[in-house]
Amino acid sequence: MSHDGVGLRSVMRSVSFLTAGALAVSVLAGCSSEDQAGKPLAGQDIAPAARARVADGGTLRWAVDAVPETLNTFQSDADAATGRIAQAVLPSMYRLNENGRPERNPDYLESAKVVETEPKQVVLYKLNQQAVWSDGREIGAADFAAQWRALSGKDTAYWTARNAGYDRIEKVERGANDLEVRVTFGRPYTDWRSLFSPLYPKDVMGTPDAFNDGARRKLKVTAGPFALKKVDRKDDEVTLARSPRWWGQPAKLTEIVLRAVPRDKRAAALAAGTIDLAELDPESAGRVSLAARAAGKGTSTPLQGPAGRKAAAKDESRQEALPGFELRKSLEPAYTQLALNGADGPLADERVRRAVARALDREALAKAVLKPLGLPAEPVGSHLALSGQAHYADNSGALGGQDTAEARALLADAGWVPGGPVKEQKKGEKAAGAEGEEKAGTSEEAENGSAADEDGTYIVGEDDKAPHEADREKKHPQSRTEKGEELGKHLAQDGRQYANQLNQGGAPGAYAPLGTAAPAGAAAGALAKDGKPLTLRFVLPSGPGSQTLRTVADRISSMLRKVGISTEISKVADESYFKDHIASGQYDLALYSWPTSAFPATDARPIFVKPVPAADGSLNVEQNYTRVGTDQVDQLFEQAIATLDESESRGLLRKADSRIWAAAGSIPLYQRPQLTAARKNLVNAGSFGFQTPVYEDMGFLKKGANPAPGPSRK
């Protein structure tokens with residue numbers, strides 16, 4: 001999982017309102033450590049088949065966003081393709097099951113357990129005696145020790161993106177024999193299962209030069225069902241070949257080719273027959289649905305809202321369906337959230353943030369996105385986990401559900417008065433909320449309830465004029481990008497991917513709202529304070545695959561309008577969305593996604609940690625891009641990571657989540673859909689959900705065979 005923060009003020013309110021701290025007394029007292037995780041809302045959809053039904057051989061051509069800049073997952077510019085390669089070619093001590101929970105990987109690990117807790121925590125790993133690197137050397141303590149030293153953070157010559165967990169290790173040594181590894185922790189660490197997955201050979205981790213440069217473009221030594229055969233940057237593809245040194249179940253495929261195909265080009269690539277497997281955005285997935293409908297397999301289309309329906313009709317009229325493919329659907333281990341920048345402006349007031357949250361009908365938003373796809377449409381109840389994962393519990397009650405009257409009361413208590421008065425503002429004068437590089441033009445409602453100016457900026461809820469044609473919209477100029485900072489053009493922008501591209505130094509926290517005056521004929525229901533209208537700048541990406549985000553933003557804006565909050569929607573280039581807006585704090589409201597983790601005590605902490613001033617005067621926010629944090633949340637994370645009682649750790653994290661809800665810096669909305677087009681005879685591949693892919697089982701059905709009810713490793 002991967003987002004900034006200012007401490008909240010504990011001030012008594014004149015309306016029925018509880019601060020995050022006070023809320024903990026009543027709501028959090030009911031939190032318990034019993035399992036509340038439930039089941040995943042959607043299972044994986046991979047056309048499971050027994051290995052006996054899978055043909056031996058063949059090449060799988062799998063679309064990725066880009067050829068990775070590095071093959072080292074511990075470097076700042078590692079991306080999803082880096083991780084996919086590592087899963088196929090390197091050892092992992094643990095992998096995730098269908099519920100997103102870590103399970104021992106028997107191909108590498110016979111057992112692993114905590115054998116001592118006093119005076120220090122000691123974990124004993126017993127390795128599979130067949131586990132060897134591709135050069136014939138046994139996997140052993142030397143590899144574990146080299147990785148610990150490289151990632152401990154003690155040697156700054158290693159350019160590492162993350163050190164969490166490794167920095168708590170005191171020593172790594174050989175056990176009773178070559179197959180045993182003893183890891184002693186200087187400080188207790190509940191997420192010890194997260195370590196050494198993936199595990200790199202000592203050749204990569206042994207020296208700073210090998211770590212920093214040697215593993216960026218090649219991996220000479222591997223230990224998985226596949227080996228790295230070729231990285232071809234000219235043709236934008238990476239080839240993985242079946243490993244002859246693999247001791248486990250042999251891979252069914254001869255090769256896997258990871259081919260870089262932009263998201264908006266994948267439907268065309270599928271039609272041209274140049275790829276076999278590709279994750280799609282809902283807009284592109286329509287062509288696969290057309291094929292399914294033509295074959296009598298369904299009638300739904302994964303396109304939402306008026307714009308989606310128009311796109312679907314246009315798609316049907318001008319494009320052929322894809323009869324050789326099927327759409328495999330699940331939910332990603334990630335959620336889309338509404339982020340509220342609490343650094344400055346109206347949202348620095350906890351009451352205003354809570355009012356925004358109470359104005360939202362999260363269930364309606366989830367249904368708008370997921371119901372047309374035929375996926376479970378339930379709002380997410382946790383910032384730290386998703387339904388089915390061990391740490392999940394619905395803690396949204398700490399904030400409360402949709403309540404227009406309560407939202408209005410909170411705003412009134414914060415001093416925002418309906419109808420004004422709004423004073424005229426001079427050119428360049430700052431208004432409440434909205435900050436941007438461009439100024440908003442005349443406000444006119446668009447078809448979806450927003451209004452467009454000629455610079456692509458939309459004002460929602462400031463007047464009641466007639467609908468305006470959306471084709472006046474113009475794209476904003478793209479901002480400068482730096483090497484290695486290309487972001488995936490996904491359904492919702494992925495915060496963790498961007499964070500991994502930074503050196504974790506934290507983005508500057510300076511935030512000085514800059515906006516424009518409300519028009520003279522502002523709607524009577526609009527709110528104002530100190531002569532300034534309550535207008536929040538809502539920043540969205542403008543690139544391919546962002547239509548769903550824009551639909552959700554329009555609905556959110558309509559909900560906020562009902563309580564007197566206006567929104568100014570600014571569409572910005574995908575390349576600048578995180579770097580120039582989210583990470584730098586140039587927004588009031590934004591939509592982006594966080595992946596969840598099986599180890600939230602480690603991985604979620606940087607997202608919600610309270611920002612601290614840096615030496616240069618900026619704010620070190622780590623990944624907390626909302627800039628909202630509390631000391632209590634920080635303390636709960638530290639306690640959760642330091643206890644070896646898993647039940648107690650889960651309880652502490654659920655308490656932390658309740659306080660995060662109460663602070664209202666980010667509002668989880670819905671689990672992100674995972675839509676994958678797959679060739680019909682391709683099995684054990686598709687939308688994996690929580691589960692780690694089993695690369696050796698992927699392949700094409702034997703002629704005349706049908707998928708079995710479930711996969712088999714026999």
# chains A, B, ... in the order shown; residues from 1 in each chain; ligands from 1

$ residues_around --residues "Val380 (chain A)" --least-positions-apart "6" --cutoff "7 Å" --atoms "only C-alpha atoms" --output "ChimeraX atom specification"
/A:386,668-671

$ write_last_selection --atoms "C-alpha atoms" --output "JSON list (two decimals), in the first residue's frame"
[["chain", "number", "residue", "atom", "x", "y", "z"],
["A", 386, "LEU", "CA", -9.86, -5.30, 2.31],
["A", 668, "PRO", "CA", -12.05, 4.82, 1.07],
["A", 669, "LEU", "CA", -14.73, 4.41, -1.58],
["A", 670, "TYR", "CA", -14.61, 1.09, -3.42],
["A", 671, "GLN", "CA", -12.29, -1.81, -4.19]]

$ select_by_dssp --residues "region 204-250 of chain A" --states "alpha helix (DSSP H)" --output "list in words"
Val204, Met205, Pro208 and Asp209 of chain A

$ write_last_selection --atoms "all heavy atoms" --output "short mmCIF file (atom, residue, chain, number, x, y, z; two decimals), in the first residue's frame"
data_model
loop_
_atom_site.label_atom_id
_atom_site.label_comp_id
_atom_site.auth_asym_id
_atom_site.auth_seq_id
_atom_site.Cartn_x
_atom_site.Cartn_y
_atom_site.Cartn_z
N VAL A 204 24.01 -10.07 -6.15
CA VAL A 204 23.31 -8.81 -6.36
C VAL A 204 23.41 -7.92 -5.14
O VAL A 204 23.63 -6.71 -5.23
CB VAL A 204 21.83 -9.06 -6.72
CG1 VAL A 204 21.03 -7.77 -6.68
CG2 VAL A 204 21.72 -9.73 -8.07
N MET A 205 23.23 -8.51 -3.96
CA MET A 205 23.17 -7.73 -2.73
C MET A 205 24.53 -7.51 -2.07
O MET A 205 24.64 -6.71 -1.14
CB MET A 205 22.25 -8.44 -1.72
CG MET A 205 20.81 -8.51 -2.18
SD MET A 205 20.04 -6.89 -2.07
CE MET A 205 18.36 -7.24 -2.54
N PRO A 208 27.53 -2.46 -3.07
CA PRO A 208 26.69 -1.35 -3.54
C PRO A 208 26.63 -1.25 -5.06
O PRO A 208 25.57 -0.97 -5.62
CB PRO A 208 27.35 -0.11 -2.92
CG PRO A 208 28.02 -0.64 -1.68
CD PRO A 208 28.51 -2.00 -2.06
N ASP A 209 27.74 -1.48 -5.74
CA ASP A 209 27.75 -1.38 -7.20
C ASP A 209 26.82 -2.41 -7.83
O ASP A 209 26.07 -2.11 -8.76
CB ASP A 209 29.17 -1.56 -7.75
CG ASP A 209 30.04 -0.33 -7.51
OD1 ASP A 209 29.48 0.74 -7.20
OD2 ASP A 209 31.28 -0.45 -7.63
#

$ atom_distance --atom1 "CA of Ile275 (chain A)" --atom2 "CA of Trp62 (chain A)"
6.0 Å

$ closest_residue --among "A:Gln129, A:Leu399, A:Ala357, A:Asp203" --to "Ser557 (chain A)" --atoms "only C-alpha atoms"
A:Ala357

$ atom_distance --atom1 "CA of Ala663 (chain A)" --atom2 "CA of Val417 (chain A)"
23.1 Å

$ closest_residue --among "A:Ala157, A:Ala164, A:Val694, A:Leu375" --to "Phe211 (chain A)" --atoms "only C-alpha atoms"
A:Ala157

$ closest_residue --among "A:Ala414, A:Leu41, A:Ala614, A:Ala640" --to "Ala348 (chain A)" --atoms "only C-alpha atoms"
A:Ala414

$ residues_around --residues "Leu280 (chain A)" --least-positions-apart "4" --cutoff "9 Å" --atoms "only C-alpha atoms" --output "list of chain:residue names"
A:Arg263, A:Asp264, A:Arg266, A:Ala267, A:Ser284, A:Ala285, A:His490, A:Leu491, A:Gly545, A:Gln674, A:Leu675, A:Thr676, A:Ala677

$ select_by_dssp --residues "region 71-292 of chain A" --states "strand (DSSP E or B)" --output "PyMOL selection string"
chain A and resi 94-96+102-104+109-116+121-127+132+138+169-174+180-185+226-232+237-242+255-260+277-280

$ closest_residue --among "A:Lys252, A:Asn97, A:Ala359, A:Lys579" --to "Leu701 (chain A)" --atoms "only C-alpha atoms"
A:Lys252

$ residues_around --residues "Trp246 (chain A)" --least-positions-apart "2" --cutoff "8 Å" --atoms "only C-alpha atoms" --output "MDAnalysis selection string"
chainID A and resid 134 223:226 243:244 248:250

$ closest_residue --among "A:Asp178, A:Glu237, A:Glu568, A:Asp45" --to "Glu326 (chain A)" --atoms "only C-alpha atoms"
A:Asp45

$ residues_around --residues "region 682-693 of chain A" --least-positions-apart "2" --cutoff "7 Å" --atoms "only C-alpha atoms" --output "number ranges by chain"
A: 43-49, 95-100, 328-333, 674-676, 678-680, 695, 697-701

$ write_last_selection --atoms "N, CA, C and O atoms" --output "short mmCIF file (atom, residue, chain, number, x, y, z; two decimals), in the first residue's frame"
data_model
loop_
_atom_site.label_atom_id
_atom_site.label_comp_id
_atom_site.auth_asym_id
_atom_site.auth_seq_id
_atom_site.Cartn_x
_atom_site.Cartn_y
_atom_site.Cartn_z
N GLY A 43 -13.77 -13.55 -5.88
CA GLY A 43 -12.64 -14.47 -6.01
C GLY A 43 -11.87 -14.20 -7.29
O GLY A 43 -12.25 -13.38 -8.12
N GLN A 44 -10.77 -14.92 -7.42
CA GLN A 44 -9.98 -14.74 -8.63
C GLN A 44 -10.71 -15.37 -9.82
O GLN A 44 -11.54 -16.27 -9.66
N ASP A 45 -10.42 -14.89 -11.00
CA ASP A 45 -11.04 -15.38 -12.24
C ASP A 45 -9.92 -15.68 -13.22
O ASP A 45 -9.46 -14.81 -13.94
N ILE A 46 -9.46 -16.94 -13.21
CA ILE A 46 -8.26 -17.29 -13.99
C ILE A 46 -8.47 -18.52 -14.88
O ILE A 46 -7.51 -19.05 -15.42
N ALA A 47 -9.72 -18.97 -15.06
CA ALA A 47 -9.99 -20.20 -15.80
C ALA A 47 -9.12 -21.34 -15.28
O ALA A 47 -8.26 -21.87 -15.99
N PRO A 48 -9.32 -21.75 -14.02
CA PRO A 48 -8.46 -22.77 -13.42
C PRO A 48 -8.56 -24.10 -14.15
O PRO A 48 -9.63 -24.51 -14.60
N ALA A 49 -7.43 -24.75 -14.28
CA ALA A 49 -7.38 -26.05 -14.94
C ALA A 49 -6.29 -26.90 -14.31
O ALA A 49 -5.23 -26.39 -13.93
N ARG A 95 4.12 -16.50 -0.06
CA ARG A 95 3.29 -15.93 -1.11
C ARG A 95 1.86 -15.81 -0.57
O ARG A 95 1.52 -16.43 0.43
N LEU A 96 1.02 -15.03 -1.25
CA LEU A 96 -0.31 -14.75 -0.75
C LEU A 96 -1.33 -15.74 -1.30
O LEU A 96 -1.27 -16.13 -2.48
N ASN A 97 -2.29 -16.12 -0.45
CA ASN A 97 -3.35 -17.02 -0.89
C ASN A 97 -4.55 -16.22 -1.39
O ASN A 97 -4.49 -15.00 -1.52
N GLU A 98 -5.67 -16.91 -1.64
CA GLU A 98 -6.83 -16.24 -2.21
C GLU A 98 -7.45 -15.20 -1.29
O GLU A 98 -8.22 -14.34 -1.73
N ASN A 99 -7.13 -15.25 0.01
CA ASN A 99 -7.61 -14.25 0.97
C ASN A 99 -6.57 -13.16 1.24
O ASN A 99 -6.75 -12.35 2.16
N GLY A 100 -5.49 -13.15 0.48
CA GLY A 100 -4.47 -12.14 0.67
C GLY A 100 -3.64 -12.34 1.92
O GLY A 100 -3.08 -11.38 2.44
N ARG A 328 -12.07 -11.65 -17.92
CA ARG A 328 -12.00 -12.28 -16.60
C ARG A 328 -11.96 -11.17 -15.56
O ARG A 328 -11.10 -10.29 -15.61
N LYS A 329 -12.92 -11.23 -14.64
CA LYS A 329 -13.17 -10.10 -13.74
C LYS A 329 -12.99 -10.50 -12.27
O LYS A 329 -13.43 -11.54 -11.84
N SER A 330 -12.35 -9.62 -11.54
CA SER A 330 -12.24 -9.76 -10.09
C SER A 330 -12.07 -8.36 -9.52
O SER A 330 -12.34 -7.36 -10.19
N LEU A 331 -11.64 -8.30 -8.27
CA LEU A 331 -11.33 -7.02 -7.63
C LEU A 331 -9.86 -7.00 -7.25
O LEU A 331 -9.33 -7.98 -6.72
N GLU A 332 -9.21 -5.91 -7.55
CA GLU A 332 -7.79 -5.78 -7.20
C GLU A 332 -7.61 -5.69 -5.70
O GLU A 332 -8.50 -5.25 -4.98
N PRO A 333 -6.44 -6.07 -5.19
CA PRO A 333 -6.12 -5.78 -3.79
C PRO A 333 -5.73 -4.32 -3.65
O PRO A 333 -4.61 -3.97 -3.25
N GLN A 674 -10.73 -5.33 -11.36
CA GLN A 674 -9.62 -5.91 -12.11
C GLN A 674 -10.22 -6.62 -13.32
O GLN A 674 -10.91 -7.63 -13.18
N LEU A 675 -9.98 -6.08 -14.48
CA LEU A 675 -10.56 -6.58 -15.73
C LEU A 675 -9.43 -7.03 -16.64
O LEU A 675 -8.56 -6.24 -16.99
N THR A 676 -9.46 -8.31 -17.01
CA THR A 676 -8.37 -8.87 -17.79
C THR A 676 -8.92 -9.59 -19.01
O THR A 676 -9.78 -10.48 -18.88
N ALA A 678 -8.32 -12.28 -21.75
CA ALA A 678 -7.47 -13.45 -21.89
C ALA A 678 -7.92 -14.29 -23.08
O ALA A 678 -9.13 -14.41 -23.34
N ARG A 679 -6.95 -14.84 -23.79
CA ARG A 679 -7.31 -15.77 -24.86
C ARG A 679 -8.08 -16.93 -24.25
O ARG A 679 -7.74 -17.40 -23.16
N LYS A 680 -9.12 -17.36 -24.94
CA LYS A 680 -10.06 -18.30 -24.34
C LYS A 680 -9.42 -19.62 -23.91
O LYS A 680 -9.88 -20.25 -22.95
N TYR A 695 3.16 -19.23 -11.68
CA TYR A 695 3.63 -19.09 -13.05
C TYR A 695 3.83 -20.43 -13.74
O TYR A 695 3.61 -20.57 -14.95
N ASP A 697 2.05 -23.03 -13.56
CA ASP A 697 0.79 -23.67 -13.95
C ASP A 697 0.12 -22.99 -15.13
O ASP A 697 -0.83 -23.52 -15.70
N MET A 698 0.58 -21.80 -15.51
CA MET A 698 -0.04 -21.09 -16.63
C MET A 698 0.25 -21.81 -17.94
O MET A 698 1.33 -22.38 -18.13
N GLY A 699 -0.71 -21.75 -18.84
CA GLY A 699 -0.49 -22.36 -20.15
C GLY A 699 -1.76 -22.41 -20.97
O GLY A 699 -2.79 -21.83 -20.60
N PHE A 700 -1.68 -23.11 -22.08
CA PHE A 700 -2.81 -23.23 -23.00
C PHE A 700 -3.37 -24.65 -22.91
O PHE A 700 -2.62 -25.63 -22.78
N LEU A 701 -4.68 -24.75 -22.98
CA LEU A 701 -5.34 -26.06 -22.88
C LEU A 701 -4.89 -26.98 -24.00
O LEU A 701 -4.66 -26.54 -25.14
#

$ atom_distance --atom1 "CA of Ala528 (chain A)" --atom2 "CA of Leu338 (chain A)"
22.9 Å
